[in-house]
Structure formats: C-alpha cells, structure tokens
>>> print(open('structure_19.cif').read())   # mmCIF, N, CA and C atoms
data_target
loop_
_atom_site.label_atom_id
_atom_site.label_comp_id
_atom_site.auth_asym_id
_atom_site.auth_seq_id
_atom_site.Cartn_x
_atom_site.Cartn_y
_atom_site.Cartn_z
N MET T 1 4.68 -24.20 -8.90
CA MET T 1 3.66 -24.29 -7.87
C MET T 1 3.03 -22.91 -7.69
N PRO T 2 1.71 -22.82 -7.69
CA PRO T 2 1.06 -21.53 -7.44
C PRO T 2 1.43 -21.01 -6.05
N PHE T 3 1.46 -19.69 -5.90
CA PHE T 3 1.87 -19.09 -4.64
C PHE T 3 1.02 -19.58 -3.47
N ASP T 4 -0.30 -19.68 -3.65
CA ASP T 4 -1.16 -20.15 -2.55
C ASP T 4 -0.76 -21.54 -2.10
N GLY T 5 -0.43 -22.42 -3.04
CA GLY T 5 0.01 -23.77 -2.69
C GLY T 5 1.33 -23.73 -1.93
N LEU T 6 2.24 -22.87 -2.38
CA LEU T 6 3.53 -22.72 -1.69
C LEU T 6 3.31 -22.25 -0.26
N ARG T 7 2.49 -21.24 -0.11
CA ARG T 7 2.23 -20.67 1.23
C ARG T 7 1.60 -21.71 2.15
N GLU T 8 0.66 -22.47 1.64
CA GLU T 8 -0.03 -23.46 2.46
C GLU T 8 0.86 -24.63 2.85
N ASN T 9 1.83 -24.98 2.02
CA ASN T 9 2.65 -26.17 2.26
C ASN T 9 4.06 -25.88 2.74
N LEU T 10 4.46 -24.64 2.77
CA LEU T 10 5.85 -24.31 3.07
C LEU T 10 6.33 -24.89 4.40
N GLY T 11 5.49 -24.89 5.40
CA GLY T 11 5.86 -25.41 6.71
C GLY T 11 6.06 -26.91 6.75
N THR T 12 5.72 -27.61 5.70
CA THR T 12 5.90 -29.07 5.67
C THR T 12 7.26 -29.47 5.11
N TYR T 13 8.02 -28.51 4.61
CA TYR T 13 9.32 -28.79 4.01
C TYR T 13 10.45 -28.57 5.00
N LEU T 14 11.52 -29.32 4.85
CA LEU T 14 12.71 -29.12 5.68
C LEU T 14 13.39 -27.82 5.31
N GLY T 15 13.55 -27.55 4.03
CA GLY T 15 14.24 -26.34 3.58
C GLY T 15 13.57 -25.76 2.36
N ALA T 16 13.85 -24.48 2.13
CA ALA T 16 13.34 -23.78 0.96
C ALA T 16 14.47 -22.94 0.39
N ALA T 17 14.88 -23.26 -0.83
CA ALA T 17 15.97 -22.52 -1.47
C ALA T 17 15.41 -21.37 -2.28
N SER T 18 15.97 -20.20 -2.05
CA SER T 18 15.63 -19.02 -2.82
C SER T 18 16.84 -18.65 -3.66
N LEU T 19 16.71 -18.79 -4.96
CA LEU T 19 17.84 -18.53 -5.86
C LEU T 19 17.79 -17.13 -6.45
N ASN T 20 16.89 -16.29 -5.97
CA ASN T 20 16.82 -14.92 -6.46
C ASN T 20 17.89 -14.09 -5.78
N PRO T 21 18.63 -13.31 -6.55
CA PRO T 21 19.68 -12.48 -5.93
C PRO T 21 19.08 -11.46 -4.96
N ASN T 22 19.79 -11.25 -3.90
CA ASN T 22 19.36 -10.28 -2.89
C ASN T 22 20.01 -8.93 -3.14
N VAL T 23 19.65 -7.99 -2.32
CA VAL T 23 20.33 -6.71 -2.25
C VAL T 23 21.00 -6.66 -0.89
N ASP T 24 21.99 -5.82 -0.73
CA ASP T 24 22.73 -5.79 0.53
C ASP T 24 21.92 -5.29 1.72
N LEU T 25 20.79 -4.64 1.48
CA LEU T 25 20.03 -4.07 2.58
C LEU T 25 18.97 -5.01 3.13
N SER T 26 18.80 -6.19 2.54
CA SER T 26 17.78 -7.12 3.01
C SER T 26 18.02 -8.48 2.37
N VAL T 27 17.01 -9.35 2.47
CA VAL T 27 17.00 -10.63 1.78
C VAL T 27 15.67 -10.75 1.05
N HIS T 28 15.58 -11.69 0.13
CA HIS T 28 14.35 -11.88 -0.62
C HIS T 28 13.22 -12.26 0.34
N ASP T 29 12.00 -11.86 0.01
CA ASP T 29 10.87 -12.15 0.90
C ASP T 29 10.67 -13.64 1.12
N ARG T 30 11.13 -14.49 0.19
CA ARG T 30 11.00 -15.94 0.38
C ARG T 30 11.79 -16.42 1.59
N VAL T 31 12.88 -15.73 1.91
CA VAL T 31 13.65 -16.09 3.11
C VAL T 31 12.80 -15.82 4.34
N PHE T 32 12.11 -14.70 4.37
CA PHE T 32 11.24 -14.39 5.50
C PHE T 32 10.05 -15.34 5.56
N PHE T 33 9.49 -15.70 4.39
CA PHE T 33 8.39 -16.68 4.37
C PHE T 33 8.85 -18.00 4.97
N ALA T 34 10.02 -18.46 4.59
CA ALA T 34 10.55 -19.72 5.11
C ALA T 34 10.73 -19.63 6.63
N LEU T 35 11.33 -18.55 7.10
CA LEU T 35 11.51 -18.38 8.55
C LEU T 35 10.18 -18.45 9.27
N GLY T 36 9.20 -17.72 8.76
CA GLY T 36 7.89 -17.69 9.39
C GLY T 36 7.20 -19.03 9.40
N ALA T 37 7.54 -19.89 8.44
CA ALA T 37 6.93 -21.23 8.35
C ALA T 37 7.77 -22.28 9.08
N SER T 38 8.84 -21.84 9.75
CA SER T 38 9.76 -22.76 10.44
C SER T 38 10.41 -23.74 9.47
N THR T 39 10.66 -23.27 8.27
CA THR T 39 11.36 -24.03 7.24
C THR T 39 12.73 -23.40 7.06
N VAL T 40 13.76 -24.21 6.99
CA VAL T 40 15.13 -23.69 6.90
C VAL T 40 15.29 -22.92 5.58
N PRO T 41 15.62 -21.63 5.66
CA PRO T 41 15.86 -20.89 4.42
C PRO T 41 17.28 -21.16 3.91
N ILE T 42 17.39 -21.39 2.61
CA ILE T 42 18.67 -21.57 1.93
C ILE T 42 18.71 -20.44 0.91
N PHE T 43 19.68 -19.54 1.04
CA PHE T 43 19.60 -18.28 0.31
C PHE T 43 20.98 -17.71 0.02
N ASP T 44 21.03 -16.76 -0.90
CA ASP T 44 22.32 -16.13 -1.21
C ASP T 44 22.66 -15.13 -0.10
N ALA T 45 23.85 -15.32 0.45
CA ALA T 45 24.29 -14.52 1.58
C ALA T 45 24.74 -13.13 1.13
N ASN T 46 24.56 -12.18 2.01
CA ASN T 46 25.03 -10.81 1.77
C ASN T 46 25.31 -10.16 3.13
N SER T 47 25.64 -8.90 3.13
CA SER T 47 25.98 -8.24 4.39
C SER T 47 24.79 -8.19 5.35
N PHE T 48 23.57 -8.04 4.84
CA PHE T 48 22.39 -8.02 5.69
C PHE T 48 22.18 -9.36 6.38
N SER T 49 22.24 -10.45 5.60
CA SER T 49 22.01 -11.77 6.19
C SER T 49 23.12 -12.13 7.17
N GLN T 50 24.35 -11.75 6.86
CA GLN T 50 25.46 -12.05 7.77
C GLN T 50 25.30 -11.31 9.09
N ALA T 51 24.78 -10.08 9.04
CA ALA T 51 24.60 -9.30 10.26
C ALA T 51 23.37 -9.73 11.05
N ASN T 52 22.29 -10.11 10.35
CA ASN T 52 21.02 -10.38 11.02
C ASN T 52 20.71 -11.86 11.23
N PHE T 53 21.32 -12.74 10.43
CA PHE T 53 21.05 -14.17 10.52
C PHE T 53 22.34 -14.98 10.69
N PRO T 54 23.17 -14.65 11.66
CA PRO T 54 24.46 -15.36 11.77
C PRO T 54 24.29 -16.86 11.98
N ARG T 55 23.22 -17.29 12.65
CA ARG T 55 23.01 -18.73 12.89
C ARG T 55 22.72 -19.49 11.59
N LEU T 56 22.30 -18.76 10.57
CA LEU T 56 21.94 -19.38 9.30
C LEU T 56 23.05 -19.28 8.25
N SER T 57 24.22 -18.83 8.66
CA SER T 57 25.29 -18.59 7.69
C SER T 57 25.68 -19.86 6.92
N ARG T 58 25.56 -21.04 7.54
CA ARG T 58 25.89 -22.29 6.84
C ARG T 58 24.94 -22.57 5.68
N PHE T 59 23.79 -21.93 5.71
CA PHE T 59 22.77 -22.17 4.69
C PHE T 59 22.70 -21.04 3.67
N GLY T 60 23.65 -20.12 3.76
CA GLY T 60 23.78 -19.05 2.78
C GLY T 60 24.79 -19.45 1.72
N PHE T 61 24.68 -18.90 0.54
CA PHE T 61 25.58 -19.29 -0.54
C PHE T 61 25.96 -18.10 -1.39
N ALA T 62 27.02 -18.27 -2.17
CA ALA T 62 27.40 -17.31 -3.21
C ALA T 62 26.67 -17.75 -4.48
N GLN T 63 26.82 -17.02 -5.54
CA GLN T 63 26.09 -17.35 -6.77
C GLN T 63 26.89 -18.32 -7.66
N ASP T 64 27.20 -19.50 -7.10
CA ASP T 64 27.86 -20.54 -7.90
C ASP T 64 27.34 -21.90 -7.45
N ALA T 65 27.39 -22.86 -8.33
CA ALA T 65 26.79 -24.17 -8.09
C ALA T 65 27.39 -24.87 -6.87
N ASP T 66 28.71 -24.79 -6.69
CA ASP T 66 29.35 -25.48 -5.55
C ASP T 66 28.88 -24.90 -4.23
N SER T 67 28.75 -23.59 -4.15
CA SER T 67 28.32 -22.94 -2.92
C SER T 67 26.86 -23.27 -2.62
N ILE T 68 26.02 -23.30 -3.64
CA ILE T 68 24.61 -23.65 -3.46
C ILE T 68 24.51 -25.09 -2.97
N ALA T 69 25.25 -25.98 -3.59
CA ALA T 69 25.24 -27.39 -3.18
C ALA T 69 25.70 -27.54 -1.73
N ALA T 70 26.72 -26.80 -1.33
CA ALA T 70 27.23 -26.88 0.04
C ALA T 70 26.18 -26.40 1.04
N ALA T 71 25.42 -25.35 0.70
CA ALA T 71 24.37 -24.85 1.59
C ALA T 71 23.26 -25.89 1.76
N VAL T 72 22.87 -26.52 0.67
CA VAL T 72 21.83 -27.56 0.73
C VAL T 72 22.35 -28.76 1.53
N GLU T 73 23.58 -29.15 1.29
CA GLU T 73 24.16 -30.28 2.02
C GLU T 73 24.25 -30.00 3.51
N ALA T 74 24.51 -28.75 3.89
CA ALA T 74 24.58 -28.39 5.31
C ALA T 74 23.24 -28.64 6.00
N VAL T 75 22.15 -28.39 5.29
CA VAL T 75 20.82 -28.65 5.86
C VAL T 75 20.59 -30.15 5.97
N LEU T 76 20.94 -30.89 4.93
CA LEU T 76 20.68 -32.32 4.89
C LEU T 76 21.59 -33.11 5.84
N GLU T 77 22.79 -32.61 6.10
CA GLU T 77 23.72 -33.30 7.00
C GLU T 77 23.23 -33.33 8.44
N ASP T 78 22.57 -32.26 8.86
CA ASP T 78 22.09 -32.19 10.25
C ASP T 78 20.78 -31.40 10.29
N PRO T 79 19.68 -32.05 9.89
CA PRO T 79 18.40 -31.34 9.83
C PRO T 79 17.96 -30.75 11.17
N GLU T 80 18.23 -31.47 12.26
CA GLU T 80 17.81 -30.97 13.57
C GLU T 80 18.53 -29.68 13.92
N ALA T 81 19.84 -29.62 13.64
CA ALA T 81 20.60 -28.40 13.91
C ALA T 81 20.13 -27.26 13.00
N ALA T 82 19.81 -27.58 11.75
CA ALA T 82 19.32 -26.57 10.82
C ALA T 82 17.98 -26.00 11.30
N GLN T 83 17.10 -26.89 11.74
CA GLN T 83 15.80 -26.43 12.25
C GLN T 83 15.96 -25.63 13.54
N ALA T 84 16.88 -26.04 14.40
CA ALA T 84 17.13 -25.30 15.64
C ALA T 84 17.68 -23.91 15.33
N ALA T 85 18.58 -23.81 14.37
CA ALA T 85 19.12 -22.51 13.99
C ALA T 85 18.03 -21.61 13.41
N THR T 86 17.13 -22.20 12.65
CA THR T 86 16.02 -21.45 12.07
C THR T 86 15.09 -20.93 13.17
N ALA T 87 14.74 -21.79 14.11
CA ALA T 87 13.86 -21.38 15.21
C ALA T 87 14.52 -20.28 16.05
N ALA T 88 15.80 -20.42 16.33
CA ALA T 88 16.51 -19.41 17.12
C ALA T 88 16.57 -18.08 16.36
N THR T 89 16.79 -18.14 15.06
CA THR T 89 16.84 -16.92 14.26
C THR T 89 15.49 -16.22 14.25
N LEU T 90 14.42 -16.97 14.07
CA LEU T 90 13.09 -16.36 14.10
C LEU T 90 12.85 -15.71 15.45
N HIS T 91 13.19 -16.40 16.52
CA HIS T 91 13.00 -15.86 17.88
C HIS T 91 13.82 -14.58 18.08
N GLU T 92 15.04 -14.56 17.57
CA GLU T 92 15.93 -13.40 17.75
C GLU T 92 15.54 -12.20 16.89
N THR T 93 14.92 -12.44 15.76
CA THR T 93 14.63 -11.34 14.84
C THR T 93 13.19 -10.85 14.87
N TYR T 94 12.29 -11.62 15.49
CA TYR T 94 10.88 -11.22 15.52
C TYR T 94 10.61 -10.43 16.79
N PRO T 95 9.94 -9.31 16.77
CA PRO T 95 9.23 -8.69 15.65
C PRO T 95 10.05 -7.64 14.89
N ARG T 96 11.32 -7.48 15.24
CA ARG T 96 12.15 -6.45 14.60
C ARG T 96 12.14 -6.57 13.08
N LEU T 97 12.16 -7.79 12.54
CA LEU T 97 12.17 -7.99 11.09
C LEU T 97 10.88 -8.64 10.59
N SER T 98 9.79 -8.38 11.27
CA SER T 98 8.52 -9.00 10.89
C SER T 98 7.85 -8.26 9.74
N MET T 99 6.89 -8.92 9.11
CA MET T 99 6.12 -8.30 8.04
C MET T 99 5.35 -7.09 8.59
N GLN T 100 4.82 -7.21 9.81
CA GLN T 100 4.10 -6.09 10.41
C GLN T 100 5.02 -4.88 10.54
N ARG T 101 6.25 -5.11 10.99
CA ARG T 101 7.22 -4.01 11.12
C ARG T 101 7.53 -3.42 9.75
N SER T 102 7.63 -4.25 8.73
CA SER T 102 7.89 -3.76 7.37
C SER T 102 6.75 -2.86 6.90
N VAL T 103 5.51 -3.30 7.14
CA VAL T 103 4.36 -2.50 6.74
C VAL T 103 4.36 -1.18 7.49
N GLN T 104 4.66 -1.21 8.78
CA GLN T 104 4.72 0.03 9.55
C GLN T 104 5.80 0.97 8.99
N ASP T 105 6.96 0.42 8.65
CA ASP T 105 8.03 1.24 8.07
C ASP T 105 7.58 1.86 6.75
N ILE T 106 6.92 1.07 5.91
CA ILE T 106 6.43 1.58 4.63
C ILE T 106 5.43 2.71 4.86
N CYS T 107 4.52 2.52 5.82
CA CYS T 107 3.53 3.56 6.11
C CYS T 107 4.19 4.82 6.66
N GLU T 108 5.20 4.66 7.51
CA GLU T 108 5.91 5.82 8.05
C GLU T 108 6.62 6.59 6.94
N ILE T 109 7.27 5.86 6.03
CA ILE T 109 7.96 6.51 4.91
C ILE T 109 6.95 7.22 4.02
N THR T 110 5.84 6.54 3.72
CA THR T 110 4.81 7.12 2.87
C THR T 110 4.21 8.36 3.51
N THR T 111 3.98 8.30 4.81
CA THR T 111 3.42 9.45 5.52
C THR T 111 4.37 10.64 5.44
N ARG T 112 5.65 10.40 5.61
CA ARG T 112 6.63 11.50 5.51
C ARG T 112 6.67 12.06 4.09
N MET T 113 6.58 11.18 3.11
CA MET T 113 6.63 11.62 1.72
C MET T 113 5.36 12.36 1.31
N ALA T 114 4.22 11.88 1.78
CA ALA T 114 2.93 12.42 1.35
C ALA T 114 2.44 13.54 2.24
N GLY T 115 3.05 13.71 3.40
CA GLY T 115 2.58 14.75 4.30
C GLY T 115 1.18 14.47 4.79
N LYS T 116 0.32 15.48 4.72
CA LYS T 116 -1.04 15.33 5.23
C LYS T 116 -1.83 14.26 4.48
N ALA T 117 -1.55 14.11 3.20
CA ALA T 117 -2.29 13.10 2.42
C ALA T 117 -2.03 11.70 2.96
N GLY T 118 -0.84 11.45 3.49
CA GLY T 118 -0.51 10.14 4.01
C GLY T 118 -0.79 10.00 5.49
N ALA T 119 -1.25 11.06 6.14
CA ALA T 119 -1.45 11.03 7.59
C ALA T 119 -2.54 10.05 8.00
N LYS T 120 -3.44 9.71 7.09
CA LYS T 120 -4.53 8.80 7.42
C LYS T 120 -4.12 7.34 7.30
N LEU T 121 -2.91 7.06 6.81
CA LEU T 121 -2.46 5.68 6.67
C LEU T 121 -2.15 5.08 8.03
N SER T 122 -2.63 3.89 8.25
CA SER T 122 -2.37 3.20 9.51
C SER T 122 -2.25 1.71 9.23
N PRO T 123 -1.10 1.09 9.54
CA PRO T 123 -0.96 -0.34 9.26
C PRO T 123 -1.86 -1.22 10.10
N ALA T 124 -2.37 -0.67 11.22
CA ALA T 124 -3.21 -1.48 12.09
C ALA T 124 -4.69 -1.39 11.70
N ALA T 125 -5.03 -0.40 10.86
CA ALA T 125 -6.44 -0.22 10.50
C ALA T 125 -6.80 -1.09 9.30
N PRO T 126 -8.00 -1.66 9.32
CA PRO T 126 -8.41 -2.46 8.15
C PRO T 126 -8.68 -1.56 6.96
N SER T 127 -8.64 -2.12 5.77
CA SER T 127 -8.98 -1.35 4.57
C SER T 127 -10.44 -0.94 4.64
N PRO T 128 -10.77 0.24 4.11
CA PRO T 128 -12.18 0.63 4.08
C PRO T 128 -13.00 -0.39 3.30
N SER T 129 -14.26 -0.56 3.67
CA SER T 129 -15.09 -1.59 3.04
C SER T 129 -15.22 -1.38 1.54
N SER T 130 -15.10 -0.16 1.08
CA SER T 130 -15.23 0.11 -0.36
C SER T 130 -13.93 -0.10 -1.12
N TYR T 131 -12.85 -0.43 -0.42
CA TYR T 131 -11.54 -0.54 -1.06
C TYR T 131 -11.45 -1.76 -1.98
N TRP T 132 -11.89 -2.91 -1.50
CA TRP T 132 -11.82 -4.14 -2.29
C TRP T 132 -13.18 -4.38 -2.93
N PRO T 133 -13.19 -4.83 -4.18
CA PRO T 133 -14.47 -5.15 -4.81
C PRO T 133 -15.16 -6.30 -4.07
N LYS T 134 -16.47 -6.26 -4.07
CA LYS T 134 -17.23 -7.30 -3.38
C LYS T 134 -16.96 -8.67 -3.97
N GLU T 135 -16.87 -8.75 -5.27
CA GLU T 135 -16.63 -10.02 -5.95
C GLU T 135 -15.22 -10.01 -6.50
N ARG T 136 -14.49 -11.02 -6.17
CA ARG T 136 -13.14 -11.15 -6.70
C ARG T 136 -13.16 -12.16 -7.82
N PRO T 137 -12.33 -11.95 -8.83
CA PRO T 137 -12.28 -12.94 -9.91
C PRO T 137 -11.71 -14.24 -9.35
N PRO T 138 -12.14 -15.38 -9.92
CA PRO T 138 -11.64 -16.67 -9.44
C PRO T 138 -10.13 -16.78 -9.70
N ALA T 139 -9.46 -17.50 -8.83
CA ALA T 139 -8.01 -17.71 -8.98
C ALA T 139 -7.74 -18.50 -10.24
N ALA T 140 -6.64 -18.18 -10.86
CA ALA T 140 -6.26 -18.91 -12.09
C ALA T 140 -5.93 -20.35 -11.75
N ALA T 141 -6.33 -21.25 -12.60
CA ALA T 141 -6.09 -22.67 -12.37
C ALA T 141 -4.71 -23.07 -12.81
#
>>> encode(input="structure_19.cif", output="structure tokens")
Amino acid sequence: MPFDGLRENLGTYLGAASLNPNVDLSVHDRVFFALGASTVPIFDANSFSQANFPRLSRFGFAQDADSIAAAVEAVLEDPEAAQAATAATLHETYPRLSMQRSVQDICEITTRMAGKAGAKLSPAAPSPSSYWPKERPPAAA
C-alpha cells in the first residue's frame, strides 16, 4: 500500500502491526502513526515502550511468531479494551511524545551542533517560499 493510502486509511483499522525492529530509545514511527490515528499499535516491545506505553504492553511482542500471534490475539480478544488502552496512552503521552515535540528536539540539537548557522531554525516557522519547487512531480502510481 502506498504511504499516502496508509496514512489516509489508518484510522479505519482496529490494529496496525509494525514488524520493524525498534531501538531501545524509542519505537518505530509506525507505532506513533497508529497512536495518532486511534488505531491499536502492535509492535515489538523494548525498554522504551515498556516505560512509556505500559497500557499497551499486551500488544507488544518479542521477535518470534508465537509472541507476535499472542499480541494480535490480545487485540482481537477484546477490541474495546485495546482501543481504550490506545486512547489512554495517546492522552498520557501527548504532547510529550508528539511529532511536534520531536521536530523541536531535532531543531534544538541541530541548533546546538550548528551554532549560529542553526540559530535561524524554528519548528513553528513555515518553510521559506523558495524552499519547495513550485511544481512537484506527480506521485508514482
């Protein structure tokens, strides 16, 4: 499925499984996309998810087929509870773990690294009008 189609339809699904391995300091962006769309994220658990998403622990898995199946089954066994846990997690973590906060963190790090050259970066400011080309190539079919 093209990314635009995924983004547009993600909120219509009960759950979204992300099988990409995470790092201990975060989770894959698909987990955040699912949360933002009020879709139950099913993902590989790590220390970050255990600390930040304890309500979603039933939907986290290790990298083996039985664990993945158990996480999916946990969503299907009680969809209402899974959706409630997802909504509560989004409420508890937003805006602390929001995309806006991530962009601000990236800009702060870049500003520190670049010094004066990065001082003009602002996550709240729009891109300069000359930044994006006027005509964009059509999306791939």
>>> resolve_selection(input="structure_19.cif", expression="the PyMOL selection byres ((chain T and resi 56) around 8)", output="PyMOL selection string")
chain T and resi 41+43+49-50+52-55+57-61+82+85-86+89
>>> residues_around(input="structure_19.cif", residues="stretch 94-99 of chain T", least_positions_apart="4", cutoff="9 Å", atoms="only C-alpha atoms", output="list in words")
Phe32, Gly36, Thr89, Leu90, Val103 and Gln104 of chain T
>>> residues_near_point(input="structure_19.cif", point="(20.1, -26.5, 3.1)", cutoff="8 Å", atoms="only C-alpha atoms", output="mmCIF file with N, CA and C atoms, in the frame of the given file")
data_model
loop_
_atom_site.group_PDB
_atom_site.id
_atom_site.type_symbol
_atom_site.label_atom_id
_atom_site.label_comp_id
_atom_site.auth_asym_id
_atom_site.auth_seq_id
_atom_site.Cartn_x
_atom_site.Cartn_y
_atom_site.Cartn_z
ATOM 1 N N GLY T 15 13.550 -27.550 4.030
ATOM 2 C CA GLY T 15 14.240 -26.340 3.580
ATOM 3 C C GLY T 15 13.570 -25.760 2.360
ATOM 4 N N ALA T 16 13.850 -24.480 2.130
ATOM 5 C CA ALA T 16 13.340 -23.780 0.960
ATOM 6 C C ALA T 16 14.470 -22.940 0.390
ATOM 7 N N ALA T 17 14.880 -23.260 -0.830
ATOM 8 C CA ALA T 17 15.970 -22.520 -1.470
ATOM 9 C C ALA T 17 15.410 -21.370 -2.280
ATOM 10 N N VAL T 40 13.760 -24.210 6.990
ATOM 11 C CA VAL T 40 15.130 -23.690 6.900
ATOM 12 C C VAL T 40 15.290 -22.920 5.580
ATOM 13 N N PRO T 41 15.620 -21.630 5.660
ATOM 14 C CA PRO T 41 15.860 -20.890 4.420
ATOM 15 C C PRO T 41 17.280 -21.160 3.910
ATOM 16 N N ILE T 42 17.390 -21.390 2.610
ATOM 17 C CA ILE T 42 18.670 -21.570 1.930
ATOM 18 C C ILE T 42 18.710 -20.440 0.910
ATOM 19 N N PHE T 59 23.790 -21.930 5.710
ATOM 20 C CA PHE T 59 22.770 -22.170 4.690
ATOM 21 C C PHE T 59 22.700 -21.040 3.670
ATOM 22 N N ALA T 70 26.720 -26.800 -1.330
ATOM 23 C CA ALA T 70 27.230 -26.880 0.040
ATOM 24 C C ALA T 70 26.180 -26.400 1.040
ATOM 25 N N ALA T 71 25.420 -25.350 0.700
ATOM 26 C CA ALA T 71 24.370 -24.850 1.590
ATOM 27 C C ALA T 71 23.260 -25.890 1.760
ATOM 28 N N VAL T 72 22.870 -26.520 0.670
ATOM 29 C CA VAL T 72 21.830 -27.560 0.730
ATOM 30 C C VAL T 72 22.350 -28.760 1.530
ATOM 31 N N GLU T 73 23.580 -29.150 1.290
ATOM 32 C CA GLU T 73 24.160 -30.280 2.020
ATOM 33 C C GLU T 73 24.250 -30.000 3.510
ATOM 34 N N ALA T 74 24.510 -28.750 3.890
ATOM 35 C CA ALA T 74 24.580 -28.390 5.310
ATOM 36 C C ALA T 74 23.240 -28.640 6.000
ATOM 37 N N VAL T 75 22.150 -28.390 5.290
ATOM 38 C CA VAL T 75 20.820 -28.650 5.860
ATOM 39 C C VAL T 75 20.590 -30.150 5.970
ATOM 40 N N LEU T 76 20.940 -30.890 4.930
ATOM 41 C CA LEU T 76 20.680 -32.320 4.890
ATOM 42 C C LEU T 76 21.590 -33.110 5.840
ATOM 43 N N ALA T 82 19.810 -27.580 11.750
ATOM 44 C CA ALA T 82 19.320 -26.570 10.820
ATOM 45 C C ALA T 82 17.980 -26.000 11.300
#
>>> atom_distance(input="structure_19.cif", atom1="atom CA of T:Ala65", atom2="atom CA of T:Leu19")
10.8 Å
>>> resolve_selection(input="structure_19.cif", expression="the PyMOL selection byres (((chain T and resi 6 and name CA) around 12) and name CA)", output="compact mmCIF listing (two decimals) with N, CA and C atoms, in the coordinates of the input")
# COMPACT_ATOMS: atom_id res chain seq x y z
N MET T 1 4.68 -24.20 -8.90
CA MET T 1 3.66 -24.29 -7.87
C MET T 1 3.03 -22.91 -7.69
N PRO T 2 1.71 -22.82 -7.69
CA PRO T 2 1.06 -21.53 -7.44
C PRO T 2 1.43 -21.01 -6.05
N PHE T 3 1.46 -19.69 -5.90
CA PHE T 3 1.87 -19.09 -4.64
C PHE T 3 1.02 -19.58 -3.47
N ASP T 4 -0.30 -19.68 -3.65
CA ASP T 4 -1.16 -20.15 -2.55
C ASP T 4 -0.76 -21.54 -2.10
N GLY T 5 -0.43 -22.42 -3.04
CA GLY T 5 0.01 -23.77 -2.69
C GLY T 5 1.33 -23.73 -1.93
N ARG T 7 2.49 -21.24 -0.11
CA ARG T 7 2.23 -20.67 1.23
C ARG T 7 1.60 -21.71 2.15
N GLU T 8 0.66 -22.47 1.64
CA GLU T 8 -0.03 -23.46 2.46
C GLU T 8 0.86 -24.63 2.85
N ASN T 9 1.83 -24.98 2.02
CA ASN T 9 2.65 -26.17 2.26
C ASN T 9 4.06 -25.88 2.74
N LEU T 10 4.46 -24.64 2.77
CA LEU T 10 5.85 -24.31 3.07
C LEU T 10 6.33 -24.89 4.40
N GLY T 11 5.49 -24.89 5.40
CA GLY T 11 5.86 -25.41 6.71
C GLY T 11 6.06 -26.91 6.75
N THR T 12 5.72 -27.61 5.70
CA THR T 12 5.90 -29.07 5.67
C THR T 12 7.26 -29.47 5.11
N TYR T 13 8.02 -28.51 4.61
CA TYR T 13 9.32 -28.79 4.01
C TYR T 13 10.45 -28.57 5.00
N ALA T 16 13.85 -24.48 2.13
CA ALA T 16 13.34 -23.78 0.96
C ALA T 16 14.47 -22.94 0.39
N ARG T 30 11.13 -14.49 0.19
CA ARG T 30 11.00 -15.94 0.38
C ARG T 30 11.79 -16.42 1.59
N PHE T 33 9.49 -15.70 4.39
CA PHE T 33 8.39 -16.68 4.37
C PHE T 33 8.85 -18.00 4.97
N ALA T 34 10.02 -18.46 4.59
CA ALA T 34 10.55 -19.72 5.11
C ALA T 34 10.73 -19.63 6.63
N ALA T 37 7.54 -19.89 8.44
CA ALA T 37 6.93 -21.23 8.35
C ALA T 37 7.77 -22.28 9.08
N THR T 39 10.66 -23.27 8.27
CA THR T 39 11.36 -24.03 7.24
C THR T 39 12.73 -23.40 7.06
>>> atom_distance(input="structure_19.cif", atom1="atom CA of T:Ala88", atom2="atom CA of T:Ala51")
14.7 Å
>>> atom_distance(input="structure_19.cif", atom1="atom CA of T:Asp44", atom2="atom C of T:Pro21")
6.8 Å
>>> resolve_selection(input="structure_19.cif", expression="the PyMOL selection byres ((chain T and resi 26) around 7)", output="compact mmCIF listing (two decimals) with N, CA and C atoms, keeping the file's coordinate frame")
# COMPACT_ATOMS: atom_id res chain seq x y z
N ASN T 22 19.79 -11.25 -3.90
CA ASN T 22 19.36 -10.28 -2.89
C ASN T 22 20.01 -8.93 -3.14
N VAL T 23 19.65 -7.99 -2.32
CA VAL T 23 20.33 -6.71 -2.25
C VAL T 23 21.00 -6.66 -0.89
N ASP T 24 21.99 -5.82 -0.73
CA ASP T 24 22.73 -5.79 0.53
C ASP T 24 21.92 -5.29 1.72
N LEU T 25 20.79 -4.64 1.48
CA LEU T 25 20.03 -4.07 2.58
C LEU T 25 18.97 -5.01 3.13
N VAL T 27 17.01 -9.35 2.47
CA VAL T 27 17.00 -10.63 1.78
C VAL T 27 15.67 -10.75 1.05
N HIS T 28 15.58 -11.69 0.13
CA HIS T 28 14.35 -11.88 -0.62
C HIS T 28 13.22 -12.26 0.34
N SER T 47 25.64 -8.90 3.13
CA SER T 47 25.98 -8.24 4.39
C SER T 47 24.79 -8.19 5.35
N PHE T 48 23.57 -8.04 4.84
CA PHE T 48 22.39 -8.02 5.69
C PHE T 48 22.18 -9.36 6.38
N SER T 49 22.24 -10.45 5.60
CA SER T 49 22.01 -11.77 6.19
C SER T 49 23.12 -12.13 7.17
>>> closest_residue(input="structure_19.cif", among="T:Pro79, T:Ala45, T:Asp105, T:Glu92", to="T:Leu14", atoms="all atoms listed in the file")
T:Pro79
